[in-house]
Amino acid sequence: MKRLMLLTLLSAMTLLANAQDKTIIITENGRPYTNQTWFYSGKGKALQEDKIKKHWNQEERRITSAAYTKNGWFVTMAKNTGIGKQTYKYSTTWPQEWINTKWSEDYRITSISRGKGKWLVVMSKGHDYWMQCYRRDELSNIKSWIKHNWDRGYYITNAAFDGSLWTVVMSRTSEYTSQGYFIADNYDKMAAEIREDVWSNDLSIHLIESDGDDFLVVYGSGDQSQNYSVNNSDVSKYIKKRWDNSYHISYIGGGSYNQDTKSHPCSGTTGMR
């Protein structure tokens with residue numbers, strides 16, 4: 001079978017947990033990453049900024065994904081990512097002006113998450129994202145915006161839920177050539193749809209996020225063998241097993257809460273590399 005899937009069975013209580021109580025890990029083979037590492041802060045604790053700086057400065061690793069999860073702030077970093085310079089903003093409000101400034105300096109958003117009253121927005125140089133935009137709104141209001149930007153050559157590259165609103169980032173990139181998404185109201189439905197409609201059609205998961213009740217799954221072009229886990233009881237063992245089989249962590253998803261509303265439309269000039 002082209003796709004390998006490890007389904008972590010969740011109890012009814014876990015399925016009904018809030019978004020901030022989920023740790024979503026996607027792994028896949030075919031990534032060029034080397035010397036990948038990961039760490040988490042523990043639930044309710046602050047982002048481990050000292051560890052990020054150590055891996056940046058002493059190990060020359062770059063953040064490949066980060067999210068607030070059941071295990072707190074969960075960060076994965078690696079070498080050979082293709083990313084050059086990297087920066088992040090860890091703040092109580094959505095950092096719109098900071099993002100605009102970094103866009104003008106040729107940085108692109110490569111990870112977003114909200115948890116414990118904080119936003120974490122990672123921006124990078126060298127990533128294969130050209131122009132970018134985002135919208136912060138209820139998901140029902142974002143659907144037409146997503147379709148409009150798909151028609152203009154943008155793809156969903158990041159998403160996060162803050163307790164009331166979704167934030168969706170779309171980018172022009174050569175990484176994808178097609179994309180779709182679905183919303184499942186429980187884990188079993190999500191797993192079945194991934195198995196039957198995504199992997200069976202030789203497509204790949206691009207990201208998984210949750211608002212506590214529903215799962216948002218973005219999928220599309222890609223031929224990597226993949227695996228995912230939700231709220232694994234032993235994260236270390238799960239990741240080691242994936243690494244031993246030449247899989248790398250490609251995405252960390254979770255959930256968050258609290259809101260502040262801002263948006264930035266896609267345009268022909270803003271965020272252009």
# chains A, B, ... in the order shown; residues from 1 in each chain; ligands from 1
$ residues_around --residues "A:Trp73" --least-positions-apart "6" --cutoff "6 Å" --atoms "only C-alpha atoms" --output "list in words"
Tyr40, Ser41, Leu47 and Ala67 of chain A
$ residues_around --residues "stretch 137-142 of chain A" --least-positions-apart "5" --cutoff "8 Å" --atoms "only C-alpha atoms" --output "mmCIF file with N, CA, C and O atoms, in the first residue's frame"
data_model
loop_
_atom_site.group_PDB
_atom_site.id
_atom_site.type_symbol
_atom_site.label_atom_id
_atom_site.label_comp_id
_atom_site.auth_asym_id
_atom_site.auth_seq_id
_atom_site.Cartn_x
_atom_site.Cartn_y
_atom_site.Cartn_z
ATOM 1 N N SER A 164 -12.670 31.441 18.311
ATOM 2 C CA SER A 164 -13.842 32.019 17.651
ATOM 3 C C SER A 164 -13.666 32.123 16.148
ATOM 4 O O SER A 164 -14.614 31.927 15.395
ATOM 5 N N LEU A 165 -12.467 32.441 15.719
ATOM 6 C CA LEU A 165 -12.196 32.674 14.306
ATOM 7 C C LEU A 165 -11.104 31.755 13.787
ATOM 8 O O LEU A 165 -10.224 31.335 14.528
ATOM 9 N N TRP A 166 -11.185 31.486 12.492
ATOM 10 C CA TRP A 166 -10.099 30.817 11.790
ATOM 11 C C TRP A 166 -9.213 31.854 11.123
ATOM 12 O O TRP A 166 -9.713 32.872 10.626
ATOM 13 N N THR A 167 -7.921 31.610 11.122
ATOM 14 C CA THR A 167 -6.986 32.385 10.319
ATOM 15 C C THR A 167 -6.438 31.453 9.252
ATOM 16 O O THR A 167 -5.913 30.387 9.573
ATOM 17 N N THR A 261 -9.435 40.383 15.673
ATOM 18 C CA THR A 261 -9.804 40.248 14.263
ATOM 19 C C THR A 261 -9.035 41.220 13.389
ATOM 20 O O THR A 261 -9.108 42.424 13.556
#
$ residues_around --residues "A:Gly126" --least-positions-apart "3" --cutoff "9 Å" --atoms "only C-alpha atoms" --output "PDB file with all heavy atoms, in the first residue's frame"
ATOM      1  N   GLY A  82      16.085  24.235   3.122  1.00  0.00           N
ATOM      2  CA  GLY A  82      15.974  25.212   2.053  1.00  0.00           C
ATOM      3  C   GLY A  82      15.662  26.607   2.562  1.00  0.00           C
ATOM      4  O   GLY A  82      15.631  27.572   1.800  1.00  0.00           O
ATOM      5  N   ILE A  83      15.429  26.732   3.872  1.00  0.00           N
ATOM      6  CA  ILE A  83      15.111  28.024   4.485  1.00  0.00           C
ATOM      7  C   ILE A  83      16.405  28.760   4.824  1.00  0.00           C
ATOM      8  O   ILE A  83      17.350  28.162   5.350  1.00  0.00           O
ATOM      9  CB  ILE A  83      14.268  27.836   5.759  1.00  0.00           C
ATOM     10  CG1 ILE A  83      12.892  27.248   5.399  1.00  0.00           C
ATOM     11  CG2 ILE A  83      14.106  29.148   6.513  1.00  0.00           C
ATOM     12  CD1 ILE A  83      12.083  26.828   6.603  1.00  0.00           C
ATOM     13  N   GLY A  84      16.442  30.041   4.521  1.00  0.00           N
ATOM     14  CA  GLY A  84      17.588  30.865   4.868  1.00  0.00           C
ATOM     15  C   GLY A  84      17.396  31.493   6.236  1.00  0.00           C
ATOM     16  O   GLY A  84      17.360  30.806   7.258  1.00  0.00           O
ATOM     17  N   LYS A  85      17.221  32.789   6.266  1.00  0.00           N
ATOM     18  CA  LYS A  85      16.969  33.474   7.529  1.00  0.00           C
ATOM     19  C   LYS A  85      15.553  33.179   8.010  1.00  0.00           C
ATOM     20  O   LYS A  85      14.654  32.910   7.223  1.00  0.00           O
ATOM     21  CB  LYS A  85      17.176  34.981   7.368  1.00  0.00           C
ATOM     22  CG  LYS A  85      18.623  35.380   7.133  1.00  0.00           C
ATOM     23  CD  LYS A  85      18.749  36.899   7.068  1.00  0.00           C
ATOM     24  CE  LYS A  85      20.200  37.322   6.882  1.00  0.00           C
ATOM     25  NZ  LYS A  85      20.342  38.799   6.828  1.00  0.00           N
ATOM     26  N   ASP A 106      11.059  40.441   2.298  1.00  0.00           N
ATOM     27  CA  ASP A 106      11.084  39.150   1.595  1.00  0.00           C
ATOM     28  C   ASP A 106      10.975  37.932   2.501  1.00  0.00           C
ATOM     29  O   ASP A 106      11.373  36.830   2.119  1.00  0.00           O
ATOM     30  CB  ASP A 106      12.326  39.018   0.712  1.00  0.00           C
ATOM     31  CG  ASP A 106      12.258  39.926  -0.511  1.00  0.00           C
ATOM     32  OD1 ASP A 106      11.132  40.248  -0.933  1.00  0.00           O
ATOM     33  OD2 ASP A 106      13.316  40.298  -1.031  1.00  0.00           O
ATOM     34  N   TYR A 107      10.427  38.103   3.688  1.00  0.00           N
ATOM     35  CA  TYR A 107      10.065  36.959   4.515  1.00  0.00           C
ATOM     36  C   TYR A 107       8.654  36.509   4.153  1.00  0.00           C
ATOM     37  O   TYR A 107       7.833  37.316   3.706  1.00  0.00           O
ATOM     38  CB  TYR A 107      10.095  37.317   6.002  1.00  0.00           C
ATOM     39  CG  TYR A 107      11.472  37.468   6.594  1.00  0.00           C
ATOM     40  CD1 TYR A 107      12.156  38.676   6.523  1.00  0.00           C
ATOM     41  CD2 TYR A 107      12.076  36.400   7.251  1.00  0.00           C
ATOM     42  CE1 TYR A 107      13.414  38.822   7.078  1.00  0.00           C
ATOM     43  CE2 TYR A 107      13.339  36.534   7.827  1.00  0.00           C
ATOM     44  CZ  TYR A 107      14.004  37.747   7.730  1.00  0.00           C
ATOM     45  OH  TYR A 107      15.252  37.885   8.291  1.00  0.00           O
ATOM     46  N   ARG A 108       8.357  35.216   4.362  1.00  0.00           N
ATOM     47  CA  ARG A 108       7.027  34.684   4.126  1.00  0.00           C
ATOM     48  C   ARG A 108       6.561  33.904   5.358  1.00  0.00           C
ATOM     49  O   ARG A 108       7.384  33.288   6.061  1.00  0.00           O
ATOM     50  CB  ARG A 108       7.008  33.763   2.899  1.00  0.00           C
ATOM     51  CG  ARG A 108       7.405  34.462   1.604  1.00  0.00           C
ATOM     52  CD  ARG A 108       6.387  35.525   1.182  1.00  0.00           C
ATOM     53  NE  ARG A 108       6.829  36.263   0.006  1.00  0.00           N
ATOM     54  CZ  ARG A 108       7.467  37.427   0.034  1.00  0.00           C
ATOM     55  NH1 ARG A 108       7.765  37.981   1.192  1.00  0.00           N
ATOM     56  NH2 ARG A 108       7.802  38.028  -1.086  1.00  0.00           N
ATOM     57  N   TYR A 129       7.472  30.292  -1.337  1.00  0.00           N
ATOM     58  CA  TYR A 129       6.227  31.050  -1.328  1.00  0.00           C
ATOM     59  C   TYR A 129       6.523  32.412  -1.935  1.00  0.00           C
ATOM     60  O   TYR A 129       7.494  33.068  -1.547  1.00  0.00           O
ATOM     61  CB  TYR A 129       5.696  31.246   0.099  1.00  0.00           C
ATOM     62  CG  TYR A 129       5.288  29.976   0.811  1.00  0.00           C
ATOM     63  CD1 TYR A 129       5.229  29.944   2.205  1.00  0.00           C
ATOM     64  CD2 TYR A 129       4.972  28.809   0.119  1.00  0.00           C
ATOM     65  CE1 TYR A 129       4.857  28.790   2.884  1.00  0.00           C
ATOM     66  CE2 TYR A 129       4.597  27.653   0.776  1.00  0.00           C
ATOM     67  CZ  TYR A 129       4.546  27.646   2.163  1.00  0.00           C
ATOM     68  OH  TYR A 129       4.183  26.506   2.836  1.00  0.00           O
TER      69      TYR A 129
END
$ residues_around --residues "A:Thr27" --least-positions-apart "4" --cutoff "6 Å" --atoms "only C-alpha atoms" --output "ChimeraX atom specification"
/A:226-227,247-250
$ write_last_selection --atoms "all heavy atoms" --output "mmCIF file, in the first residue's frame"
data_model
loop_
_atom_site.group_PDB
_atom_site.id
_atom_site.type_symbol
_atom_site.label_atom_id
_atom_site.label_comp_id
_atom_site.auth_asym_id
_atom_site.auth_seq_id
_atom_site.Cartn_x
_atom_site.Cartn_y
_atom_site.Cartn_z
ATOM 1 N N GLN A 226 2.574 8.971 3.638
ATOM 2 C CA GLN A 226 2.297 9.772 4.824
ATOM 3 C C GLN A 226 1.736 8.931 5.962
ATOM 4 O O GLN A 226 1.283 7.808 5.772
ATOM 5 C CB GLN A 226 1.278 10.877 4.495
ATOM 6 C CG GLN A 226 1.784 11.945 3.559
ATOM 7 C CD GLN A 226 0.749 13.030 3.362
ATOM 8 O OE1 GLN A 226 -0.425 12.751 3.078
ATOM 9 N NE2 GLN A 226 1.163 14.276 3.518
ATOM 10 N N ASN A 227 1.732 9.548 7.121
ATOM 11 C CA ASN A 227 1.239 8.943 8.336
ATOM 12 C C ASN A 227 0.805 10.088 9.233
ATOM 13 O O ASN A 227 1.378 11.176 9.165
ATOM 14 C CB ASN A 227 2.381 8.137 8.969
ATOM 15 C CG ASN A 227 1.980 7.433 10.237
ATOM 16 O OD1 ASN A 227 1.904 8.075 11.274
ATOM 17 N ND2 ASN A 227 1.746 6.153 10.153
ATOM 18 N N TYR A 247 10.736 8.529 7.856
ATOM 19 C CA TYR A 247 9.719 9.574 7.791
ATOM 20 C C TYR A 247 10.187 10.759 8.634
ATOM 21 O O TYR A 247 10.808 10.572 9.679
ATOM 22 C CB TYR A 247 8.387 9.077 8.343
ATOM 23 C CG TYR A 247 7.623 8.154 7.425
ATOM 24 C CD1 TYR A 247 8.098 6.878 7.123
ATOM 25 C CD2 TYR A 247 6.413 8.555 6.865
ATOM 26 C CE1 TYR A 247 7.390 6.029 6.288
ATOM 27 C CE2 TYR A 247 5.703 7.707 6.024
ATOM 28 C CZ TYR A 247 6.192 6.455 5.740
ATOM 29 O OH TYR A 247 5.498 5.617 4.909
ATOM 30 N N HIS A 248 9.863 11.974 8.170
ATOM 31 C CA HIS A 248 10.136 13.181 8.943
ATOM 32 C C HIS A 248 8.823 13.848 9.340
ATOM 33 O O HIS A 248 7.807 13.676 8.671
ATOM 34 C CB HIS A 248 10.969 14.180 8.122
ATOM 35 C CG HIS A 248 12.392 13.766 7.941
ATOM 36 N ND1 HIS A 248 12.842 13.140 6.806
ATOM 37 C CD2 HIS A 248 13.476 13.882 8.759
ATOM 38 C CE1 HIS A 248 14.134 12.888 6.918
ATOM 39 N NE2 HIS A 248 14.546 13.329 8.092
ATOM 40 N N ILE A 249 8.860 14.593 10.422
ATOM 41 C CA ILE A 249 7.691 15.387 10.805
ATOM 42 C C ILE A 249 7.510 16.481 9.765
ATOM 43 O O ILE A 249 8.412 17.298 9.548
ATOM 44 C CB ILE A 249 7.884 16.020 12.194
ATOM 45 C CG1 ILE A 249 8.152 14.948 13.251
ATOM 46 C CG2 ILE A 249 6.657 16.861 12.568
ATOM 47 C CD1 ILE A 249 8.679 15.510 14.564
ATOM 48 N N SER A 250 6.369 16.509 9.111
ATOM 49 C CA SER A 250 6.121 17.528 8.098
ATOM 50 C C SER A 250 5.169 18.613 8.590
ATOM 51 O O SER A 250 5.173 19.725 8.055
ATOM 52 C CB SER A 250 5.551 16.898 6.827
ATOM 53 O OG SER A 250 4.321 16.248 7.095
#
$ closest_residue --among "A:Arg172, A:Lys89, A:Lys70, A:Lys22" --to "A:Asp151" --atoms "only C-alpha atoms"
A:Arg172
